[in-house]
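Text of input-v7.cif (mmCIF, C-alpha atoms (C1' of nucleotides)) as supplied:
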```cif
data_entry
#
loop_
_atom_site.label_atom_id
_atom_site.label_comp_id
_atom_site.auth_asym_id
_atom_site.auth_seq_id
_atom_site.Cartn_x
_atom_site.Cartn_y
_atom_site.Cartn_z
CA MET A 12 21.63 -1.73 -20.36
CA SER A 13 18.10 -2.99 -20.39
CA GLU A 14 17.40 -5.51 -17.67
CA ILE A 15 13.89 -6.52 -18.51
CA ASP A 16 13.65 -10.07 -17.39
CA GLU A 17 15.37 -11.61 -14.39
CA ARG A 18 13.38 -14.74 -13.67
CA PRO A 19 15.39 -17.89 -13.10
CA SER A 20 14.83 -20.34 -15.91
CA THR A 21 13.46 -22.89 -13.45
CA LEU A 22 10.70 -22.54 -10.88
CA ARG A 23 10.56 -25.54 -8.64
CA PRO A 24 7.19 -26.85 -7.52
CA THR A 25 8.06 -27.19 -3.86
CA ARG A 26 5.66 -28.11 -1.08
CA GLN A 27 5.58 -24.47 -0.01
CA ARG A 28 4.79 -23.16 -3.46
CA LEU A 29 2.05 -25.66 -4.01
CA ALA A 30 0.54 -24.74 -0.66
CA ILE A 31 0.61 -21.06 -1.53
CA THR A 32 -0.99 -21.74 -4.88
CA ASP A 33 -3.74 -23.65 -3.10
CA ALA A 34 -4.29 -20.83 -0.65
CA LEU A 35 -4.65 -18.43 -3.53
CA ARG A 36 -7.10 -20.75 -5.19
CA ALA A 37 -9.10 -21.10 -1.97
CA GLY A 38 -9.36 -17.35 -1.45
CA VAL A 39 -12.15 -15.65 -3.31
CA ASP A 40 -10.61 -12.25 -3.43
CA PHE A 41 -7.33 -10.44 -2.92
CA GLN A 42 -5.31 -11.68 0.04
CA SER A 43 -2.24 -10.22 1.68
CA ALA A 44 0.94 -12.21 2.22
CA GLN A 45 0.21 -12.21 5.92
CA GLU A 46 -3.30 -13.52 5.41
CA ILE A 47 -2.04 -16.30 3.22
CA HIS A 48 0.63 -17.09 5.76
CA ASP A 49 -1.99 -17.34 8.51
CA SER A 50 -4.26 -19.38 6.34
CA LEU A 51 -1.46 -21.86 5.64
CA ARG A 52 -0.56 -22.03 9.28
CA HIS A 53 -4.15 -22.83 10.22
CA ALA A 54 -4.26 -25.44 7.52
CA GLY A 55 -1.31 -27.10 9.19
CA GLU A 56 1.17 -26.16 6.48
CA LYS A 57 4.35 -24.73 7.89
CA VAL A 58 5.70 -22.10 5.54
CA GLY A 59 7.96 -19.22 6.47
CA LEU A 60 6.58 -15.72 6.09
CA ALA A 61 9.56 -14.68 4.01
CA THR A 62 8.89 -17.55 1.67
CA VAL A 63 5.31 -16.45 1.24
CA TYR A 64 6.47 -12.97 0.37
CA ARG A 65 9.11 -14.22 -2.01
CA THR A 66 6.80 -16.64 -3.73
CA LEU A 67 3.96 -14.20 -4.18
CA GLN A 68 6.40 -11.71 -5.59
CA ALA A 69 7.75 -14.23 -8.03
CA MET A 70 4.25 -15.19 -9.10
CA ALA A 71 3.38 -11.57 -9.61
CA ASP A 72 6.48 -11.01 -11.72
CA ALA A 73 5.54 -14.00 -13.79
CA GLY A 74 2.07 -12.58 -14.25
CA ASP A 75 0.40 -15.51 -12.54
CA VAL A 76 -1.38 -13.34 -10.00
CA ASP A 77 -2.81 -9.86 -9.91
CA VAL A 78 -1.51 -7.40 -7.37
CA ARG A 79 -3.17 -4.52 -5.61
CA HIS A 80 -2.87 -2.64 -2.35
CA ASN A 81 -5.61 -2.72 0.23
CA PRO A 82 -6.62 0.35 2.23
CA ALA A 83 -4.45 -0.84 5.11
CA GLY A 84 -1.46 -0.47 2.87
CA GLU A 85 -0.81 -4.17 2.50
CA THR A 86 0.09 -5.66 -0.84
CA THR A 87 -2.53 -8.21 -1.80
CA TYR A 88 -2.64 -10.94 -4.40
CA ARG A 89 -5.30 -12.80 -6.32
CA ARG A 90 -4.83 -15.54 -8.89
CA CYS A 91 -5.73 -14.32 -12.35
CA SER A 92 -9.00 -15.26 -13.94
CA THR A 93 -10.94 -15.39 -10.71
CA SER A 94 -14.53 -14.45 -11.21
CA HIS A 95 -13.98 -10.77 -11.36
CA HIS A 96 -15.65 -8.06 -9.35
CA HIS A 97 -14.95 -4.66 -7.85
CA HIS A 98 -15.87 -2.74 -4.74
CA LEU A 99 -17.80 0.38 -3.98
CA VAL A 100 -16.70 1.60 -0.57
CA CYS A 101 -18.19 4.25 1.69
CA ARG A 102 -15.47 6.64 2.70
CA SER A 103 -17.13 7.35 6.01
CA CYS A 104 -18.38 4.06 7.42
CA GLY A 105 -16.49 1.60 5.26
CA ARG A 106 -19.63 -0.16 4.07
CA THR A 107 -18.77 -2.17 0.97
CA VAL A 108 -20.82 -3.23 -2.02
CA GLU A 109 -19.63 -5.73 -4.58
CA ILE A 110 -19.85 -4.65 -8.18
CA THR A 111 -19.68 -6.80 -11.24
CA GLY A 112 -19.28 -4.61 -14.26
CA SER A 113 -18.87 -6.19 -17.61
CA ALA A 114 -18.81 -2.66 -18.93
CA VAL A 115 -15.43 -1.93 -17.37
CA GLU A 116 -14.09 -5.29 -18.40
CA LYS A 117 -14.77 -4.47 -22.01
CA TRP A 118 -13.48 -0.97 -21.66
CA ALA A 119 -10.22 -2.18 -20.12
CA HIS A 120 -9.78 -4.63 -22.92
CA SER A 121 -10.35 -2.16 -25.68
CA ILE A 122 -7.98 0.38 -24.12
CA GLY A 123 -5.36 -2.33 -24.02
CA ASP A 124 -5.84 -3.16 -27.67
CA GLU A 125 -5.70 0.45 -28.58
CA HIS A 126 -2.20 0.72 -27.15
CA GLY A 127 -0.86 -2.64 -28.24
CA PHE A 128 -1.00 -4.16 -24.77
CA ILE A 129 -2.02 -7.76 -24.34
CA ASP A 130 -3.06 -9.73 -21.33
CA VAL A 131 -4.51 -6.68 -19.63
CA SER A 132 -5.94 -7.05 -16.16
CA HIS A 133 -7.41 -4.24 -14.17
CA THR A 134 -8.13 -2.90 -10.76
CA VAL A 135 -10.98 -0.57 -10.01
CA GLU A 136 -12.06 0.97 -6.79
CA LEU A 137 -14.99 3.27 -6.28
CA VAL A 138 -15.12 5.38 -3.15
CA GLY A 139 -18.09 7.51 -2.18
CA LEU A 140 -20.49 8.40 0.58
CA CYS A 141 -23.30 5.95 1.18
CA ALA A 142 -26.88 7.10 1.56
CA GLU A 143 -26.89 6.54 5.29
CA CYS A 144 -23.76 8.54 5.99
CA ALA A 145 -24.83 11.26 3.61
CA ALA A 146 -27.95 11.65 5.72
CA LEU A 147 -26.00 12.28 8.93
CA PRO A 148 -26.21 15.86 10.18
CA ALA A 149 -22.41 16.05 10.66
CA ASN A 150 -21.97 15.65 6.95
CA MET B 18 -21.76 1.08 19.54
CA SER B 19 -21.50 2.61 16.13
CA GLU B 20 -18.62 5.03 15.82
CA ILE B 21 -19.23 6.45 12.45
CA ASP B 22 -17.81 9.91 12.55
CA GLU B 23 -14.91 11.09 14.67
CA ARG B 24 -13.85 14.31 13.04
CA PRO B 25 -13.35 17.24 15.37
CA SER B 26 -15.93 19.91 14.75
CA THR B 27 -13.21 22.45 13.99
CA LEU B 28 -10.35 22.21 11.54
CA ARG B 29 -7.94 25.05 12.03
CA PRO B 30 -6.29 26.57 8.98
CA THR B 31 -2.77 26.59 10.35
CA ARG B 32 0.34 27.58 8.47
CA GLN B 33 1.20 23.89 8.08
CA ARG B 34 -2.17 22.91 6.72
CA LEU B 35 -2.23 25.74 4.24
CA ALA B 36 1.23 24.78 3.07
CA ILE B 37 0.16 21.18 2.58
CA THR B 38 -2.90 22.27 0.68
CA ASP B 39 -0.68 24.34 -1.58
CA ALA B 40 1.65 21.44 -2.16
CA LEU B 41 -1.30 19.29 -3.16
CA ARG B 42 -2.48 21.98 -5.50
CA ALA B 43 0.99 22.31 -7.04
CA GLY B 44 1.34 18.60 -7.71
CA VAL B 45 -0.23 17.37 -10.88
CA ASP B 46 -0.79 13.82 -9.78
CA PHE B 47 -0.80 11.62 -6.71
CA GLN B 48 1.94 12.43 -4.19
CA SER B 49 3.09 10.52 -1.14
CA ALA B 50 3.31 12.10 2.29
CA GLN B 51 7.07 11.92 2.05
CA GLU B 52 7.10 13.65 -1.32
CA ILE B 53 4.94 16.43 0.00
CA HIS B 54 7.13 16.73 3.04
CA ASP B 55 10.21 17.07 0.83
CA SER B 56 8.47 19.51 -1.42
CA LEU B 57 7.56 21.69 1.55
CA ARG B 58 11.06 21.51 2.91
CA HIS B 59 12.50 22.64 -0.40
CA ALA B 60 9.97 25.42 -0.53
CA GLY B 61 11.33 26.61 2.77
CA GLU B 62 8.28 25.58 4.78
CA LYS B 63 9.19 23.72 7.93
CA VAL B 64 6.54 21.12 8.65
CA GLY B 65 7.02 17.93 10.62
CA LEU B 66 6.62 14.67 8.79
CA ALA B 67 4.09 13.44 11.34
CA THR B 68 2.03 16.53 10.73
CA VAL B 69 2.03 15.88 7.02
CA TYR B 70 0.81 12.36 7.62
CA ARG B 71 -1.85 13.47 10.08
CA THR B 72 -3.09 16.27 7.88
CA LEU B 73 -3.30 14.19 4.74
CA GLN B 74 -5.15 11.54 6.66
CA ALA B 75 -7.62 14.06 7.99
CA MET B 76 -8.17 15.48 4.53
CA ALA B 77 -8.75 12.02 3.17
CA ASP B 78 -11.27 11.28 5.91
CA ALA B 79 -13.03 14.49 5.09
CA GLY B 80 -13.11 13.53 1.43
CA ASP B 81 -11.01 16.49 0.36
CA VAL B 82 -8.41 14.35 -1.33
CA ASP B 83 -8.33 11.06 -3.15
CA VAL B 84 -6.13 8.30 -1.88
CA ARG B 85 -4.35 5.51 -3.67
CA HIS B 86 -1.30 3.36 -3.19
CA ASN B 87 1.60 3.51 -5.58
CA PRO B 88 3.46 0.38 -6.71
CA ALA B 89 6.09 1.01 -4.03
CA GLY B 90 3.37 0.60 -1.44
CA GLU B 91 3.31 4.22 -0.39
CA THR B 92 0.01 5.91 0.27
CA THR B 93 -0.44 8.79 -2.11
CA TYR B 94 -2.84 11.71 -2.22
CA ARG B 95 -4.30 13.99 -4.84
CA ARG B 96 -6.74 16.82 -4.37
CA CYS B 97 -10.12 15.95 -5.80
CA SER B 98 -11.30 17.31 -9.10
CA THR B 99 -7.88 17.31 -10.70
CA SER B 100 -8.16 16.65 -14.39
CA HIS B 101 -8.69 13.00 -14.17
CA HIS B 102 -6.79 10.26 -15.92
CA HIS B 103 -5.67 6.69 -15.41
CA HIS B 104 -2.66 4.59 -16.24
CA LEU B 105 -1.97 1.58 -18.37
CA VAL B 106 1.22 -0.01 -17.10
CA CYS B 107 3.38 -2.71 -18.63
CA ARG B 108 3.94 -5.39 -16.03
CA SER B 109 7.31 -6.28 -17.47
CA CYS B 110 9.09 -3.04 -18.31
CA GLY B 111 6.98 -0.55 -16.43
CA ARG B 112 6.22 1.56 -19.49
CA THR B 113 3.23 3.76 -18.72
CA VAL B 114 0.51 5.23 -20.91
CA GLU B 115 -1.93 7.84 -19.70
CA ILE B 116 -5.56 7.09 -20.32
CA THR B 117 -8.46 9.46 -20.22
CA GLY B 118 -11.64 7.48 -20.28
CA SER B 119 -14.89 9.31 -20.02
CA ALA B 120 -16.47 5.89 -20.36
CA VAL B 121 -15.32 4.80 -16.94
CA GLU B 122 -16.21 8.12 -15.40
CA LYS B 123 -19.78 7.66 -16.48
CA TRP B 124 -19.80 4.06 -15.45
CA ALA B 125 -18.48 4.88 -11.98
CA HIS B 126 -21.11 7.52 -11.57
CA SER B 127 -23.98 5.35 -12.59
CA ILE B 128 -22.86 2.52 -10.32
CA GLY B 129 -22.79 5.01 -7.47
CA ASP B 130 -26.31 6.17 -8.21
CA GLU B 131 -27.49 2.64 -8.44
CA HIS B 132 -26.43 1.99 -4.86
CA GLY B 133 -27.35 5.32 -3.35
CA PHE B 134 -23.80 6.53 -3.05
CA ILE B 135 -22.98 10.16 -3.71
CA ASP B 136 -19.74 11.95 -4.32
CA VAL B 137 -18.18 8.89 -5.87
CA SER B 138 -14.56 9.08 -6.96
CA HIS B 139 -12.67 6.22 -8.49
CA THR B 140 -9.31 4.68 -9.05
CA VAL B 141 -8.52 2.51 -12.02
CA GLU B 142 -5.35 0.79 -12.96
CA LEU B 143 -4.75 -1.32 -16.02
CA VAL B 144 -1.80 -3.67 -16.07
CA GLY B 145 -0.75 -5.62 -19.11
CA LEU B 146 2.13 -6.56 -21.34
CA CYS B 147 3.19 -3.96 -23.87
CA ALA B 148 3.79 -4.88 -27.51
CA GLU B 149 7.54 -4.64 -27.17
CA CYS B 150 7.79 -6.92 -24.16
CA ALA B 151 5.29 -9.34 -25.65
CA ALA B 152 7.64 -9.70 -28.61
CA LEU B 153 10.61 -10.73 -26.48
CA PRO B 154 11.57 -14.41 -26.83
CA ALA B 155 11.75 -14.90 -23.06
CA ASN B 156 8.08 -14.15 -22.83
"C1'" DT C 29 -8.07 29.89 28.85
"C1'" DT C 30 -9.33 25.80 26.33
"C1'" DA C 31 -9.14 22.70 22.71
"C1'" DA C 32 -6.76 21.80 18.69
"C1'" DT C 33 -2.24 21.23 16.57
"C1'" DT C 34 2.64 20.44 16.14
"C1'" DG C 35 7.31 18.30 16.47
"C1'" DC C 36 10.18 14.95 18.02
"C1'" DA C 37 11.43 10.55 19.02
"C1'" DA C 38 10.07 6.04 20.03
"C1'" DA C 39 7.18 2.42 18.60
"C1'" DT C 40 4.66 -0.37 14.97
"C1'" DC C 41 3.81 -2.76 11.05
"C1'" DC C 42 4.75 -4.58 6.52
"C1'" DT C 43 8.30 -6.15 3.62
"C1'" DT C 44 13.03 -7.30 2.23
"C1'" DT C 45 17.56 -9.41 2.85
"C1'" DG C 46 21.74 -12.09 4.46
"C1'" DC C 47 23.11 -16.43 5.21
"C1'" DA C 48 23.52 -21.38 6.49
"C1'" DG C 49 21.13 -25.49 5.90
"C1'" DA C 50 17.66 -28.30 3.29
"C1'" DT C 51 15.83 -29.61 -1.23
"C1'" DT C 52 15.14 -30.47 -6.13
"C1'" DC C 53 16.98 -31.64 -10.47
"C1'" DG D 24 26.89 -32.10 -6.90
"C1'" DA D 25 25.06 -27.58 -8.42
"C1'" DA D 26 21.50 -24.45 -8.53
"C1'" DT D 27 17.37 -23.37 -6.06
"C1'" DC D 28 14.72 -22.76 -2.22
"C1'" DT D 29 13.70 -22.13 2.87
"C1'" DG D 30 13.63 -20.37 7.43
"C1'" DC D 31 15.14 -17.39 10.79
"C1'" DA D 32 16.49 -13.30 12.46
"C1'" DA D 33 18.18 -8.80 11.49
"C1'" DA D 34 17.50 -4.75 8.63
"C1'" DG D 35 14.72 -1.33 6.12
"C1'" DG D 36 11.21 1.84 5.13
"C1'" DA D 37 6.67 3.83 5.74
"C1'" DT D 38 3.35 5.26 8.98
"C1'" DT D 39 1.53 5.92 13.67
"C1'" DT D 40 1.57 7.37 18.40
"C1'" DG D 41 2.80 9.43 23.12
"C1'" DC D 42 3.59 13.59 25.09
"C1'" DA D 43 5.02 18.23 26.24
"C1'" DA D 44 5.20 22.64 24.04
"C1'" DT D 45 2.75 25.86 20.85
"C1'" DT D 46 -1.01 28.16 18.68
"C1'" DA D 47 -5.70 29.39 17.05
"C1'" DA D 48 -10.27 30.64 18.63
#
```

Write-out of the structure in structure tokens:
Amino acid sequence: MSEIDERPSTLRPTRQRLAITDALRAGVDFQSAQEIHDSLRHAGEKVGLATVYRTLQAMADAGDVDVRHNPAGETTYRRCSTSHHHHLVCRSCGRTVEITGSAVEKWAHSIGDEHGFIDVSHTVELVGLCAECAALPAN
Amino acid sequence: MSEIDERPSTLRPTRQRLAITDALRAGVDFQSAQEIHDSLRHAGEKVGLATVYRTLQAMADAGDVDVRHNPAGETTYRRCSTSHHHHLVCRSCGRTVEITGSAVEKWAHSIGDEHGFIDVSHTVELVGLCAECAALPAN
DNA sequence: TTAATTGCAAATCCTTTGCAGATTC
DNA sequence: GAATCTGCAAAGGATTTGCAATTAA
């Protein structure tokens, strides 16, 4: 009764899939299926939106890309092993600062080891009030 | 041209809002608007779904609750200051381990300070492959 | 009384699915 | 030729919005 793995034994390197892989490689950070679809369209590659969704999902299942959700509620994808960074976002004005924290990287890794998990990736998001917004009278 | 703060100056403590606050307090972890709506309904409180959405959104804007997205893509809320923990999830079987990491808490805080942010909350999610799934031949 | 709040239903937006035709092996 | 993939359009599900009625201050 345990359905753990459902991937088809073959994954065909079609034009569409290669294009999507390229788009992921071109993007620096997480991108939504819609963004990738647009990006492909602008690049002259014609790929159906449904195909983009299906492919990204398959890649995520296979562990080839990391998944997260952006504030807009979209599911976003990023190829693994991209130079890794996080964001510190102001909850009032949306100002964003990029963070590179080797400290968390190590922490994530050691937690994984501790529980017998391998191949651990992580997602971190810091949300706070930036100095400017904190200074506003309304706050 | 800078619309930074749009909150109405008054936030009325209506029956609905109090009920939603209670529901948040009752829940141990992140809950979606729909879950809270159900929970209220079962508790005998009649509150419109739209109201739940609007209220949670307002609370999030005000910084009274933390927001995250669950794997299903739903937006979920948790009152701030709940005993804080994170999750380590197996990307294959979904097995979940709760993590309490004071290390990250401190890290998040110091990063905030470093950039002049106050009132910094954070969201962390670790995704990996658990020992059991890693042992499966298919993987 | 006025401004904020609510409920309902309609409207949006993102994502998934059914299915026939195209494609890869 | 068989198993996969694609695209399109329809279907689903979550969230938002318009608007008239209701309620708190």

Please provide the set of residues having any atom within 10 Å of region 32-42 of chain D, restricted to only C-alpha atoms (C1' of nucleotides), with same-chain residues fewer than 6 positions apart removed, written as a ChimeraX atom specification.
-> /A:84 /B:50-51,66-67,70-71,90-92 /C:36-46

Pose of chain B fitted onto chain A, C-alpha LSQ, given as a compact mmCIF listing (two decimals) with C-alpha atoms, keeping the file's coordinate frame:
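See selection24.txt below for the written result:
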```txt
# COMPACT_ATOMS: atom_id res chain seq x y z
CA MET B 18 21.77 -1.44 -19.94
CA SER B 19 18.22 -2.62 -20.14
CA GLU B 20 17.38 -5.20 -17.52
CA ILE B 21 13.97 -6.21 -18.57
CA ASP B 22 13.59 -9.76 -17.44
CA GLU B 23 15.26 -11.36 -14.46
CA ARG B 24 13.23 -14.46 -13.83
CA PRO B 25 15.20 -17.65 -13.35
CA SER B 26 14.61 -20.04 -16.19
CA THR B 27 13.32 -22.68 -13.78
CA LEU B 28 10.62 -22.40 -11.16
CA ARG B 29 10.58 -25.44 -8.96
CA PRO B 30 7.24 -26.75 -7.75
CA THR B 31 8.22 -27.17 -4.13
CA ARG B 32 5.93 -28.18 -1.31
CA GLN B 33 5.81 -24.54 -0.19
CA ARG B 34 4.91 -23.19 -3.58
CA LEU B 35 2.19 -25.73 -4.12
CA ALA B 36 0.76 -24.91 -0.73
CA ILE B 37 0.73 -21.21 -1.54
CA THR B 38 -0.93 -21.87 -4.85
CA ASP B 39 -3.60 -23.85 -3.04
CA ALA B 40 -4.14 -21.08 -0.55
CA LEU B 41 -4.61 -18.63 -3.39
CA ARG B 42 -7.06 -20.97 -5.01
CA ALA B 43 -8.98 -21.39 -1.75
CA GLY B 44 -9.33 -17.67 -1.16
CA VAL B 45 -12.18 -16.01 -2.93
CA ASP B 46 -10.69 -12.56 -3.08
CA PHE B 47 -7.44 -10.69 -2.61
CA GLN B 48 -5.32 -11.96 0.29
CA SER B 49 -2.24 -10.46 1.89
CA ALA B 50 0.98 -12.40 2.31
CA GLN B 51 0.36 -12.47 6.03
CA GLU B 52 -3.14 -13.84 5.59
CA ILE B 53 -1.87 -16.58 3.34
CA HIS B 54 0.88 -17.35 5.79
CA ASP B 55 -1.67 -17.68 8.60
CA SER B 56 -3.95 -19.74 6.45
CA LEU B 57 -1.12 -22.15 5.66
CA ARG B 58 -0.13 -22.36 9.28
CA HIS B 59 -3.67 -23.25 10.29
CA ALA B 60 -3.79 -25.81 7.53
CA GLY B 61 -0.78 -27.43 9.11
CA GLU B 62 1.63 -26.39 6.37
CA LYS B 63 4.83 -24.94 7.73
CA VAL B 64 6.07 -22.24 5.39
CA GLY B 65 8.27 -19.32 6.33
CA LEU B 66 6.82 -15.87 6.02
CA ALA B 67 9.73 -14.73 3.86
CA THR B 68 9.05 -17.58 1.51
CA VAL B 69 5.44 -16.55 1.19
CA TYR B 70 6.50 -13.03 0.34
CA ARG B 71 9.11 -14.19 -2.15
CA THR B 72 6.79 -16.65 -3.83
CA LEU B 73 3.91 -14.25 -4.17
CA GLN B 74 6.26 -11.68 -5.60
CA ALA B 75 7.60 -14.14 -8.13
CA MET B 76 4.09 -15.15 -9.13
CA ALA B 77 3.14 -11.54 -9.55
CA ASP B 78 6.19 -10.90 -11.72
CA ALA B 79 5.26 -13.87 -13.81
CA GLY B 80 1.74 -12.54 -14.17
CA ASP B 81 0.17 -15.51 -12.44
CA VAL B 82 -1.57 -13.41 -9.85
CA ASP B 83 -3.07 -9.96 -9.68
CA VAL B 84 -1.78 -7.51 -7.14
CA ARG B 85 -3.47 -4.69 -5.32
CA HIS B 86 -3.12 -2.83 -2.07
CA ASN B 87 -5.80 -2.94 0.56
CA PRO B 88 -6.82 0.15 2.55
CA ALA B 89 -4.51 -0.95 5.37
CA GLY B 90 -1.62 -0.61 2.96
CA GLU B 91 -0.92 -4.31 2.70
CA THR B 92 -0.07 -5.81 -0.64
CA THR B 93 -2.66 -8.39 -1.56
CA TYR B 94 -2.79 -11.10 -4.20
CA ARG B 95 -5.45 -12.98 -6.09
CA ARG B 96 -5.00 -15.66 -8.70
CA CYS B 97 -5.97 -14.40 -12.12
CA SER B 98 -9.24 -15.33 -13.73
CA THR B 99 -11.19 -15.41 -10.49
CA SER B 100 -14.75 -14.35 -11.08
CA HIS B 101 -14.12 -10.71 -11.28
CA HIS B 102 -15.79 -7.95 -9.34
CA HIS B 103 -15.07 -4.55 -7.88
CA HIS B 104 -16.01 -2.60 -4.81
CA LEU B 105 -17.90 0.56 -4.08
CA VAL B 106 -16.83 1.77 -0.66
CA CYS B 107 -18.31 4.45 1.56
CA ARG B 108 -15.54 6.80 2.59
CA SER B 109 -17.24 7.59 5.86
CA CYS B 110 -18.57 4.33 7.28
CA GLY B 111 -16.72 1.82 5.16
CA ARG B 112 -19.87 0.10 3.93
CA THR B 113 -19.01 -1.94 0.86
CA VAL B 114 -21.03 -2.98 -2.17
CA GLU B 115 -19.82 -5.51 -4.69
CA ILE B 116 -19.98 -4.44 -8.29
CA THR B 117 -19.80 -6.59 -11.35
CA GLY B 118 -19.33 -4.39 -14.35
CA SER B 119 -18.90 -6.00 -17.70
CA ALA B 120 -18.74 -2.45 -19.01
CA VAL B 121 -15.38 -1.81 -17.45
CA GLU B 122 -14.07 -5.20 -18.45
CA LYS B 123 -14.72 -4.37 -22.06
CA TRP B 124 -13.35 -0.90 -21.68
CA ALA B 125 -10.14 -2.17 -20.10
CA HIS B 126 -9.71 -4.64 -22.89
CA SER B 127 -10.20 -2.18 -25.65
CA ILE B 128 -7.80 0.31 -24.08
CA GLY B 129 -5.23 -2.46 -23.94
CA ASP B 130 -5.70 -3.28 -27.60
CA GLU B 131 -5.46 0.34 -28.50
CA HIS B 132 -1.97 0.53 -27.04
CA GLY B 133 -0.70 -2.86 -28.08
CA PHE B 134 -0.89 -4.35 -24.63
CA ILE B 135 -1.98 -7.94 -24.19
CA ASP B 136 -3.10 -9.89 -21.18
CA VAL B 137 -4.51 -6.81 -19.53
CA SER B 138 -5.99 -7.15 -16.07
CA HIS B 139 -7.43 -4.29 -14.11
CA THR B 140 -8.19 -2.95 -10.70
CA VAL B 141 -11.01 -0.54 -10.03
CA GLU B 142 -12.11 1.03 -6.84
CA LEU B 143 -15.00 3.40 -6.37
CA VAL B 144 -15.14 5.52 -3.25
CA GLY B 145 -18.07 7.69 -2.35
CA LEU B 146 -20.49 8.65 0.37
CA CYS B 147 -23.36 6.25 0.96
CA ALA B 148 -26.94 7.50 1.27
CA GLU B 149 -27.02 6.95 5.00
CA CYS B 150 -23.85 8.88 5.73
CA ALA B 151 -24.83 11.62 3.31
CA ALA B 152 -27.97 12.11 5.38
CA LEU B 153 -26.08 12.70 8.62
CA PRO B 154 -26.18 16.32 9.84
CA ALA B 155 -22.42 16.40 10.43
CA ASN B 156 -21.87 15.90 6.75
```

Report as an MDAnalysis selection string the residues that result from applying the PyMOL selection byres ((chain A) within 8 of (chain D)) to the structure here.
-> chainID A and resid 23 59 61:62

Report as lines of an AutoDock Vina configuration file the centre and the edge lengths, in Å to one decimal, of the axis-aligned box holding every listed atom of region 64-82 of chain B, padded by 4 Å on each side.
```
center_x = -3.0
center_y = 16.2
center_z = 5.0
size_x = 28.1
size_y = 17.8
size_z = 20.7
```

Could you please tell me, as a compact mmCIF listing (two decimals) with C-alpha atoms (C1' of nucleotides), in the frame of the given file, which residues of chain C have an atom within 8 Å of chain B when using all atoms listed in the file?
```txt
# COMPACT_ATOMS: atom_id res chain seq x y z
C1' DA C 32 -6.76 21.80 18.69
C1' DT C 34 2.64 20.44 16.14
C1' DG C 35 7.31 18.30 16.47
```

CA of Thr113 (chain B) to CA of Gly123 (chain A), straight-line distance in Å = 11.8 Å

Reference answer for the PyMOL selection byres ((chain B) within 7 of (chain A)), as a list in words =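 For this structure, the PyMOL selection byres ((chain B) within 7 of (chain A)) captures Ile21, His86, Gly90, Ser109, Cys110, Val121, Ala125, Gly133, Phe134, Ile135, Asp136, Val137, Ser138, His139, Thr140, Val141, Glu142, Leu143, Val144, Gly145, Leu146, Cys147 and Ala148 of chain B.
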
Keeping C-alpha atoms, export the residues of the selection given above as a compact mmCIF listing (two decimals), in the coordinates of the input.
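Wrote selection_0.txt, looks like this:
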```
# COMPACT_ATOMS: atom_id res chain seq x y z
CA ILE B 21 -19.23 6.45 12.45
CA HIS B 86 -1.30 3.36 -3.19
CA GLY B 90 3.37 0.60 -1.44
CA SER B 109 7.31 -6.28 -17.47
CA CYS B 110 9.09 -3.04 -18.31
CA VAL B 121 -15.32 4.80 -16.94
CA ALA B 125 -18.48 4.88 -11.98
CA GLY B 133 -27.35 5.32 -3.35
CA PHE B 134 -23.80 6.53 -3.05
CA ILE B 135 -22.98 10.16 -3.71
CA ASP B 136 -19.74 11.95 -4.32
CA VAL B 137 -18.18 8.89 -5.87
CA SER B 138 -14.56 9.08 -6.96
CA HIS B 139 -12.67 6.22 -8.49
CA THR B 140 -9.31 4.68 -9.05
CA VAL B 141 -8.52 2.51 -12.02
CA GLU B 142 -5.35 0.79 -12.96
CA LEU B 143 -4.75 -1.32 -16.02
CA VAL B 144 -1.80 -3.67 -16.07
CA GLY B 145 -0.75 -5.62 -19.11
CA LEU B 146 2.13 -6.56 -21.34
CA CYS B 147 3.19 -3.96 -23.87
CA ALA B 148 3.79 -4.88 -27.51
```

How far is it from CA of Glu52 (chain B) to CA of Arg112 (chain B), in Å with one decimal?
->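 These atoms are spaced 21.8 Å apart.
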
Test item: residues at most 8 Å from Ile37 (chain B), all atoms listed in the file, excluding those fewer than 6 positions along its chain, as a compact mmCIF listing (two decimals) with C-alpha atoms, in the coordinates of the input:
```txt
# COMPACT_ATOMS: atom_id res chain seq x y z
CA ILE B 53 4.94 16.43 0.00
CA LEU B 57 7.56 21.69 1.55
CA VAL B 69 2.03 15.88 7.02
CA THR B 72 -3.09 16.27 7.88
```

For C1' of DT52 (chain C) and CA of Asp33 (chain A), the interatomic separation in Å (one decimal) =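 Separation between C1' of DT52 (chain C) and CA of Asp33 (chain A): 20.3 Å.
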
Nearest candidate to His102 (chain B) (options B:Asp46, B:Ala152, B:Arg32, B:Leu41; using all atoms listed in the file) =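 Using all atoms listed in the file, His102 (chain B) sits closest to B:Asp46.
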